[in-house]
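First the structure, in the form of structure tokens, and then the observations on it.
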Amino acid sequence: MDLCANLNHVRHRISAACVRSGRQAESVTLLAVSKGHPAEVVCAAAELGLSIFGENRVQEAKAKIGLCPGRLRWHLIGHLQSNKCRDAVHFFAMIQSVDSLALAREINRWADKSAKTMPVLIEVNVAGESSKFGYAPEKLLAELKEINSLPRIELHGLMTVAPFAQDAEKVRPVFRRMRELRGQCEDLLGAPLPVLSMGMSGDFEVAVEEGATMIRLGSAVLGPRTAPKPVAGDP
Ligand SMILES: *Cc1c(COP(=O)(O)O)cnc(C)c1O
């Protein structure tokens with residue numbers, strides 16, 4: 001696998017999508033999804049200039065983070081169980097997968113104990129897929145103010161995992177809906193929500209065209225990963 005070639009290719013595709021949609025390439029942050037990859041791969045990617053990494057399991061991340069340069073920032077992108085909130089607040093710079101008020105309260109509680117604020121995104125299940133976590137849009141609009149009022153929670157925006165589609169064009173309406181929903185949330189709060197985390201290896205160009213400010217790329221940058229191994233303490 002040639003990390004450097006992958007990264008150049010992906011950066012080129014991001015800029016092309018930005019040109020098509022009249023955006024600045026700097027307006028899109030690339031988060032490298034390192035789940036299923038060992039620390040050595042993260043270190044090699046860090047040498048090439050990547051600095052934000054995404055993990056979907058707290059236990060796997062905990063084991064990996066200590067083996068990687070301390071300057072890297074880690075985002076939790078997978079479902080968080082309340083009994084892992086304490087570690088999540090400690091190890092991650094951002095939790096992108098807040099999917100309930102109860103979870104937001106638990107994160108708030110642990111952040112308060114550490115006297116810090118926790119940057120978060122709210123995960124939205126736009127397509128209503130039963131296999132996925134995330135807020136239904138209507139429920140989010142109903143609970144948004146309450147989440148935002150939690151003193152140790154710093155709400156930065158929204159995140160989604162689009163349905164899988166062979167043809168990424170098919171999920172364009174999902175990304176468009178996310179952008180509209182972000183606007184509705186901003187109106188409700190009377191405050192900006194700058195981050196729209198959407199787009200993965202198979203659909204990131206469409207996501208960028210529809211306004212993604214953060215794309216989460218695993219295989220397109222780091223290559224194929226090993227299937228998730230059950231890790232002690234994970235579901
Ligand atoms: C695994 C994962 C990704 C990256 O997937 P790729 O298809 O490898 O780019 C992005 N977001 C989330 C939430 C993931 O779990």
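Chains: A, B, ... in order of the structure tokens. Residues: from 1 per chain. Ligands: from 1, in order shown.
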Can you write out as CSV which residues of chain A fall within 6 Å of ligand 1, alongside each residue's closest atom pair and its distance in Å to one decimal, counting only C-alpha atoms and all ligand atoms and ordering rows by chain and ascending residue number?
```
residue,atom,partner,partner_atom_place_in_ligand_line,distance
A:Val33,CA,ligand 1,4 (C),5.4
A:Asn56,CA,ligand 1,15 (O),5.7
A:Ile77,CA,ligand 1,13 (C),4.8
A:Gly78,CA,ligand 1,13 (C),5.5
A:Val161,CA,ligand 1,13 (C),5.9
A:Met200,CA,ligand 1,9 (O),4.2
A:Ser201,CA,ligand 1,9 (O),3.6
A:Gly202,CA,ligand 1,7 (O),5.9
A:Arg216,CA,ligand 1,10 (C),4.7
A:Leu217,CA,ligand 1,9 (O),3.8
A:Gly218,CA,ligand 1,8 (O),3.4
A:Ser219,CA,ligand 1,8 (O),3.9
A:Ala220,CA,ligand 1,9 (O),6.0
```
Those in segment 58-209 of chain A with strand (DSSP E or B) from DSSP, as a PyMOL selection string: chain A and resi 73-76+94-98+118-124+135+153-159+195-197
Preceding selection exported with N, CA and C atoms as a compact mmCIF listing (two decimals), in the first residue's frame:
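So result.txt came out as:
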```txt
# COMPACT_ATOMS: atom_id res chain seq x y z
N ARG A 73 -4.79 14.37 17.11
CA ARG A 73 -6.11 14.55 17.72
C ARG A 73 -7.00 13.39 17.29
N TRP A 74 -7.78 12.89 18.24
CA TRP A 74 -8.60 11.71 18.00
C TRP A 74 -10.08 12.04 18.15
N HIS A 75 -10.86 11.56 17.19
CA HIS A 75 -12.32 11.76 17.25
C HIS A 75 -13.00 10.41 17.39
N LEU A 76 -13.98 10.34 18.27
CA LEU A 76 -14.78 9.12 18.36
C LEU A 76 -15.91 9.23 17.34
N MET A 94 -12.88 15.12 20.24
CA MET A 94 -14.27 15.36 19.85
C MET A 94 -15.03 14.04 19.83
N ILE A 95 -16.28 14.07 20.27
CA ILE A 95 -17.16 12.91 20.16
C ILE A 95 -18.19 13.25 19.09
N GLN A 96 -18.10 12.53 17.96
CA GLN A 96 -18.97 12.85 16.81
C GLN A 96 -20.29 12.08 16.83
N SER A 97 -20.43 11.17 17.81
CA SER A 97 -21.52 10.21 17.74
C SER A 97 -22.54 10.35 18.88
N VAL A 98 -22.83 11.60 19.26
CA VAL A 98 -23.85 11.81 20.29
C VAL A 98 -25.22 11.54 19.65
N MET A 118 -16.50 19.41 26.50
CA MET A 118 -16.31 18.37 25.49
C MET A 118 -16.92 18.80 24.16
N PRO A 119 -16.09 18.98 23.13
CA PRO A 119 -16.61 19.27 21.80
C PRO A 119 -17.35 18.04 21.25
N VAL A 120 -18.54 18.23 20.73
CA VAL A 120 -19.31 17.10 20.20
C VAL A 120 -20.00 17.47 18.88
N LEU A 121 -20.34 16.42 18.14
CA LEU A 121 -21.26 16.52 17.01
C LEU A 121 -22.43 15.62 17.35
N ILE A 122 -23.59 15.95 16.80
CA ILE A 122 -24.74 15.08 16.97
C ILE A 122 -24.88 14.21 15.73
N GLU A 123 -24.98 12.90 15.95
CA GLU A 123 -25.12 11.98 14.82
C GLU A 123 -26.59 11.90 14.41
N VAL A 124 -26.82 12.02 13.10
CA VAL A 124 -28.18 11.99 12.58
C VAL A 124 -28.34 10.80 11.63
N TYR A 135 -29.80 10.25 15.61
CA TYR A 135 -31.09 10.91 15.83
C TYR A 135 -31.94 10.92 14.56
N ILE A 153 -20.99 20.66 27.48
CA ILE A 153 -21.08 20.19 26.10
C ILE A 153 -20.91 21.37 25.16
N GLU A 154 -19.98 21.23 24.22
CA GLU A 154 -19.73 22.30 23.24
C GLU A 154 -20.17 21.74 21.88
N LEU A 155 -21.33 22.18 21.43
CA LEU A 155 -21.90 21.63 20.20
C LEU A 155 -21.31 22.31 18.96
N HIS A 156 -20.65 21.50 18.12
CA HIS A 156 -19.98 22.05 16.93
C HIS A 156 -20.73 21.78 15.63
N GLY A 157 -21.64 20.80 15.64
CA GLY A 157 -22.33 20.52 14.38
C GLY A 157 -22.94 19.14 14.33
N LEU A 158 -23.10 18.64 13.11
CA LEU A 158 -23.79 17.37 12.89
C LEU A 158 -22.90 16.39 12.12
N MET A 159 -23.21 15.11 12.32
CA MET A 159 -22.48 14.05 11.62
C MET A 159 -23.48 13.03 11.09
N VAL A 195 -19.59 22.66 11.85
CA VAL A 195 -19.09 21.36 11.35
C VAL A 195 -20.21 20.48 10.80
N LEU A 196 -19.98 20.01 9.57
CA LEU A 196 -20.88 19.05 8.94
C LEU A 196 -19.98 17.87 8.54
N SER A 197 -20.00 16.83 9.37
CA SER A 197 -19.12 15.67 9.16
C SER A 197 -19.88 14.62 8.37
```
Polymer residues at most 12 Å from segment 79-85 of chain A, only C-alpha atoms, same-chain spacing of 4 or more positions, as a PyMOL selection string: chain A and resi 55-59+61-62+75+89-92+95-113+118+122-124+131-135+160-161+233-235
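Counting only C-alpha atoms and comparing A:Glu180, A:Glu169, A:Glu26, A:Glu186, the residue that lies closest to Val206 of chain A is A:Glu169.
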Backbone-only DSSP, helix (DSSP H, G or I) members of segment 43-198 of chain A, as an NGL selection string: :A and (43-47 or 58-65 or 82-91 or 101-113 or 137-148 or 168-189)
Straight-line distance linking atom CA of Leu141 of chain A with atom CA of Phe175 of chain A, stated in Å to one decimal: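 Between atom CA of Leu141 of chain A and atom CA of Phe175 of chain A the gap works out to 17.4 Å.
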Straight-line distance linking atom CA of Ala93 of chain A with atom CA of Lys139 of chain A, stated in Å to one decimal: 25.9 Å
